[in-house]
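Here's the structure, in structure tokens; my notes come after.
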Amino acid sequence: MADANTEPNTETDPPAGTMSRRKVLGSLAAGTVVLGVPSVAAAQEGRRGRRGGSARGRGVPPNDGGQAVGPAQFSRIFEGAQPFDEVDDELTAMLAELGARGGLLDAKDPLEEGPIRLITEPELSVNNANNPNHTAGTTFMGQFLDHDITRDAGSTLGQPQSLNRSTNLSSARFDLDSVYGGNPADSPQLYRSDDNILFKVESGGLFEDLPRDSSGQARIADARNDENLMIAGIHVAFLKFHNAVVERVRATTDLDGDEAFAEAQRLVTWHYQWLILHQFLPQFIGQSMVDDILTNGRKHFTTSTPTIPVEFQASAYRFGHSMIRPSYRANMAGDNGEPFFGMVFDPAEFGKNDPADMNGGSRAPRRFIGWQTFFDFGDGEVKPNKKIDTQISTPLFQLPMGSISTSRGEPLGPTSLATRNLLRHITWGIPSGQDVAARMGVDRLTARDLVDVNDIVPRLAGATPLWLYILREADVVEDGMRLGPVGGRIVGEVFIGLLQMDPNSILTAGVGWRPTLASRVGTGDFFMADMLTAAGVDPDSRGQ
């Protein structure tokens, strides 16, 4: 959900000339924001001072040193496409201004009304409409999927990066490597010492929690899955789901040991992939586009090598940031018998052992997820996501320190998630949304569709950063309910392509397979509520 596709910085001390995280935290508490970018006025003055000026136009194609050849590197869908604009200080400053708190992209949620009213009275957030087609958990399952396939090893935000120097530390497959860490031999620390094909799961006081060390750090295969309370809950649910499937395999077959683990891992992974194809991808892009890609093939992401394209990683798949609510109800009765409500992020809570927001990295009895708020269990308690549009919930313009991952020695940079997303277009030389639409042969948004953006940054008229274009396209074409033709095609082809290129997936080794675990509605289908029930974390199992 937050800006977390890079490996955490392991530096103890910041480089000279940068602020430590402790000092940054203090500056945030004082109401300031740390931005490693110049102001627009300063950038324009510097630009005028350069001999001959700088011609308006798109940048030169990135010098990638050759296309990526394997899943360990990122790739491009549109090789040879020019970046959306020429890189200079003015562009960097304009993107920072466009993504700043209080700016065009800020939904300006009235945070002073508190987390409860922002949920129960949606009319308070006049700029931030609900999406009745998505439940509140869709966002965080989307984040979980992202962490399973992509992890940037250390590109520098806002600095052009060559693909031949990029590294994706994830497997570029929907194989739950972010949970399994391979297997017990590869990651023995994740598994129980008394039964090493079962995951370690600990108690948070009332219900399950991720295993943690003495400092509270989660001991899991991908530390990003402890960034917020919801994704931590999904991760520990998958740990329990695997353990339940192991016991089922032992009870219904003669398998044990490594063979039982392998069979359980296959069953868990195939049910997970079923969720992707039959629940989440249709929500993201619409069933008709899913069907078209499966029937007529991929038109743009045509590689035979499982790799993550930057148009997906840095732009299209960041659409989920628009779906995040400003506040959530974490559970129904965990806060001394009362519901636990909190902002998704609250700067006043940064660094506390049991913060009043949804930030991760902490253990306390109330810090668990009551899943009836996030997925539909048929009890009327589920809450919706926000629409996919260019209105981003206000708390995301001041991210918590722990969610901003940086390369070794890199300054923290902007705390606005929108600004960080826009600056990634410079990092990877992403083409404009209009260029991508033309290459796809789909109708482009008109100047009228983007008039507010162009009024603020006229330099980008006709060359809108792809992430922003995709959000506006979803709003204009699909009323914010799902992605439009550009965003949907990129996300759909990458998701389906990765499954088609995985020799062990349900689209290759499992052709014709259907779920074998119990369905709550008895249809033989399998959805997120079924997985959570199988894991024993559903409302009925908890009694709340």
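Naming scheme: A, B, ... for chains in displayed order of the structure tokens; residues 1 onward per chain; ligands 1 onward as shown.
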
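Backbone DSSP of segment 217-392 of chain A yields strand (DSSP E or B) at Ala218, Asn228, Ile308, Pro309, Ser327, Tyr328, Arg329, Ala330, Asn331, Met332, Ala333, Gly334, Asp335, Glu338, Pro339, Phe340, Phe341, Gly342, Met343, Asn359, Pro384, Asn385, Lys386 and Ile392 of chain A.
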
Do a neighbour search on Asp292 of chain A at 10 Å with only C-alpha atoms, toss out local chain neighbours closer than 6 positions, and write the hits as a PyMOL selection string. chain A and resi 298+489+492

Serialized selection, C-alpha atoms, as a short mmCIF file (atom, residue, chain, number, x, y, z; two decimals), in the first residue's frame:
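Output contents, as saved in part_8.cif:
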data_model
loop_
_atom_site.label_atom_id
_atom_site.label_comp_id
_atom_site.auth_asym_id
_atom_site.auth_seq_id
_atom_site.Cartn_x
_atom_site.Cartn_y
_atom_site.Cartn_z
CA ARG A 298 -1.66 -10.90 -24.45
CA ARG A 489 -4.69 -3.96 -19.97
CA GLY A 492 -4.35 -7.81 -16.61
#

Close residues, segment 359-373 of chain A itself excluded, 7 Å, only C-alpha atoms, min 3 positions apart in chain, as a PyMOL selection string: chain A and resi 204-207+216-217+226-230+233+329-332+334-335+344-345+353-354+376-377+381-383+538-539

Segment 169-184 of chain A surroundings by only C-alpha atoms, 7 Å radius, close-in-sequence under 6 positions cut, as a PDB file with N, CA and C atoms, in the first residue's frame:
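Written file, around-v9.pdb:
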ATOM      1  N   PRO A  71      13.918 -12.901 -14.519  1.00  0.00           N
ATOM      2  CA  PRO A  71      13.035 -12.369 -13.487  1.00  0.00           C
ATOM      3  C   PRO A  71      13.753 -11.530 -12.446  1.00  0.00           C
ATOM      4  N   ALA A  72      15.075 -11.605 -12.380  1.00  0.00           N
ATOM      5  CA  ALA A  72      15.809 -10.816 -11.396  1.00  0.00           C
ATOM      6  C   ALA A  72      15.942  -9.360 -11.805  1.00  0.00           C
ATOM      7  N   HIS A 147       3.660  -7.535  -3.196  1.00  0.00           N
ATOM      8  CA  HIS A 147       4.856  -7.963  -2.474  1.00  0.00           C
ATOM      9  C   HIS A 147       5.295  -9.368  -2.871  1.00  0.00           C
ATOM     10  N   ASP A 148       4.375 -10.147  -3.410  1.00  0.00           N
ATOM     11  CA  ASP A 148       4.719 -11.504  -3.829  1.00  0.00           C
ATOM     12  C   ASP A 148       5.511 -11.523  -5.125  1.00  0.00           C
ATOM     13  N   ILE A 149       5.402 -10.469  -5.934  1.00  0.00           N
ATOM     14  CA  ILE A 149       6.025 -10.514  -7.262  1.00  0.00           C
ATOM     15  C   ILE A 149       7.072  -9.447  -7.508  1.00  0.00           C
ATOM     16  N   THR A 150       7.142  -8.416  -6.673  1.00  0.00           N
ATOM     17  CA  THR A 150       8.084  -7.347  -6.984  1.00  0.00           C
ATOM     18  C   THR A 150       8.675  -6.737  -5.721  1.00  0.00           C
ATOM     19  N   ARG A 151       9.986  -6.573  -5.740  1.00  0.00           N
ATOM     20  CA  ARG A 151      10.694  -5.874  -4.667  1.00  0.00           C
ATOM     21  C   ARG A 151      11.939  -5.238  -5.266  1.00  0.00           C
ATOM     22  N   ASP A 152      11.915  -3.933  -5.370  1.00  0.00           N
ATOM     23  CA  ASP A 152      12.998  -3.161  -5.968  1.00  0.00           C
ATOM     24  C   ASP A 152      14.189  -3.152  -5.009  1.00  0.00           C
ATOM     25  N   ALA A 153      15.329  -3.603  -5.502  1.00  0.00           N
ATOM     26  CA  ALA A 153      16.498  -3.748  -4.629  1.00  0.00           C
ATOM     27  C   ALA A 153      17.189  -2.434  -4.324  1.00  0.00           C
ATOM     28  N   TYR A 191       9.772 -21.633  10.399  1.00  0.00           N
ATOM     29  CA  TYR A 191       8.997 -22.839  10.682  1.00  0.00           C
ATOM     30  C   TYR A 191       9.239 -23.326  12.109  1.00  0.00           C
ATOM     31  N   ASN A 196       8.658 -29.068  11.528  1.00  0.00           N
ATOM     32  CA  ASN A 196       9.226 -28.056  10.645  1.00  0.00           C
ATOM     33  C   ASN A 196       8.528 -27.895   9.301  1.00  0.00           C
ATOM     34  N   ILE A 197       7.346 -28.472   9.130  1.00  0.00           N
ATOM     35  CA  ILE A 197       6.572 -28.147   7.931  1.00  0.00           C
ATOM     36  C   ILE A 197       5.374 -27.261   8.281  1.00  0.00           C
ATOM     37  N   ALA A 221       9.095 -13.851   5.868  1.00  0.00           N
ATOM     38  CA  ALA A 221       9.915 -13.887   4.655  1.00  0.00           C
ATOM     39  C   ALA A 221      10.030 -12.531   3.990  1.00  0.00           C
ATOM     40  N   ASP A 222       9.044 -11.671   4.144  1.00  0.00           N
ATOM     41  CA  ASP A 222       9.070 -10.337   3.545  1.00  0.00           C
ATOM     42  C   ASP A 222       8.600  -9.339   4.586  1.00  0.00           C
ATOM     43  N   THR A 269      -1.076 -22.623  -2.757  1.00  0.00           N
ATOM     44  CA  THR A 269      -0.720 -21.725  -3.852  1.00  0.00           C
ATOM     45  C   THR A 269      -1.780 -21.736  -4.944  1.00  0.00           C
ATOM     46  N   GLN A 273      -3.933 -18.616  -6.226  1.00  0.00           N
ATOM     47  CA  GLN A 273      -3.996 -18.199  -7.621  1.00  0.00           C
ATOM     48  C   GLN A 273      -5.435 -18.166  -8.125  1.00  0.00           C
ATOM     49  N   PRO A 306       9.378 -14.564 -17.376  1.00  0.00           N
ATOM     50  CA  PRO A 306       8.642 -13.937 -16.273  1.00  0.00           C
ATOM     51  C   PRO A 306       9.447 -12.797 -15.662  1.00  0.00           C
ATOM     52  N   THR A 307       9.040 -11.603 -15.928  1.00  0.00           N
ATOM     53  CA  THR A 307       9.729 -10.417 -15.444  1.00  0.00           C
ATOM     54  C   THR A 307       8.691  -9.339 -15.188  1.00  0.00           C
ATOM     55  N   ILE A 308       9.036  -8.359 -14.386  1.00  0.00           N
ATOM     56  CA  ILE A 308       8.093  -7.307 -14.017  1.00  0.00           C
ATOM     57  C   ILE A 308       8.419  -6.040 -14.800  1.00  0.00           C
ATOM     58  N   LEU A 498       2.198 -13.657 -15.955  1.00  0.00           N
ATOM     59  CA  LEU A 498       3.029 -14.307 -14.943  1.00  0.00           C
ATOM     60  C   LEU A 498       2.501 -15.696 -14.614  1.00  0.00           C
ATOM     61  N   LEU A 499       1.194 -15.846 -14.565  1.00  0.00           N
ATOM     62  CA  LEU A 499       0.621 -17.176 -14.324  1.00  0.00           C
ATOM     63  C   LEU A 499       0.866 -18.103 -15.507  1.00  0.00           C
ATOM     64  N   ASP A 502       4.498 -19.417 -15.522  1.00  0.00           N
ATOM     65  CA  ASP A 502       4.883 -20.234 -14.372  1.00  0.00           C
ATOM     66  C   ASP A 502       4.517 -21.687 -14.672  1.00  0.00           C
TER      67      ASP A 502
END

Contacts of His134 of chain A within 7 Å, only C-alpha atoms, excl. fewer than 4 positions in-chain, as a ChimeraX atom specification: /A:138,283,384-385

Would you put the residues from that selection into a file with C-alpha atoms, as a PDB file, in the first residue's frame?
ATOM      1  CA  THR A 138      -9.331  -5.434  -1.672  1.00  0.00           C
ATOM      2  CA  GLN A 283     -12.452  -6.490  -9.455  1.00  0.00           C
ATOM      3  CA  PRO A 384     -16.284  -0.401   0.859  1.00  0.00           C
ATOM      4  CA  ASN A 385     -13.066   0.793  -0.702  1.00  0.00           C
TER       5      ASN A 385
END

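With atom CA of Leu417 of chain A on one side and atom CA of Asn168 of chain A on the other, the separation reads 21.0 Å.
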
At a cut-off of 12 Å, using only C-alpha atoms, what residues contact Met289 of chain A? Leave out same-chain residues fewer than 6 positions from it and give the result as number ranges by chain. A: 277, 281-283, 295-298, 482-493, 496

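Here atom CA of Ile470 of chain A stands at a distance of 9.6 Å from atom CA of Tyr317 of chain A.
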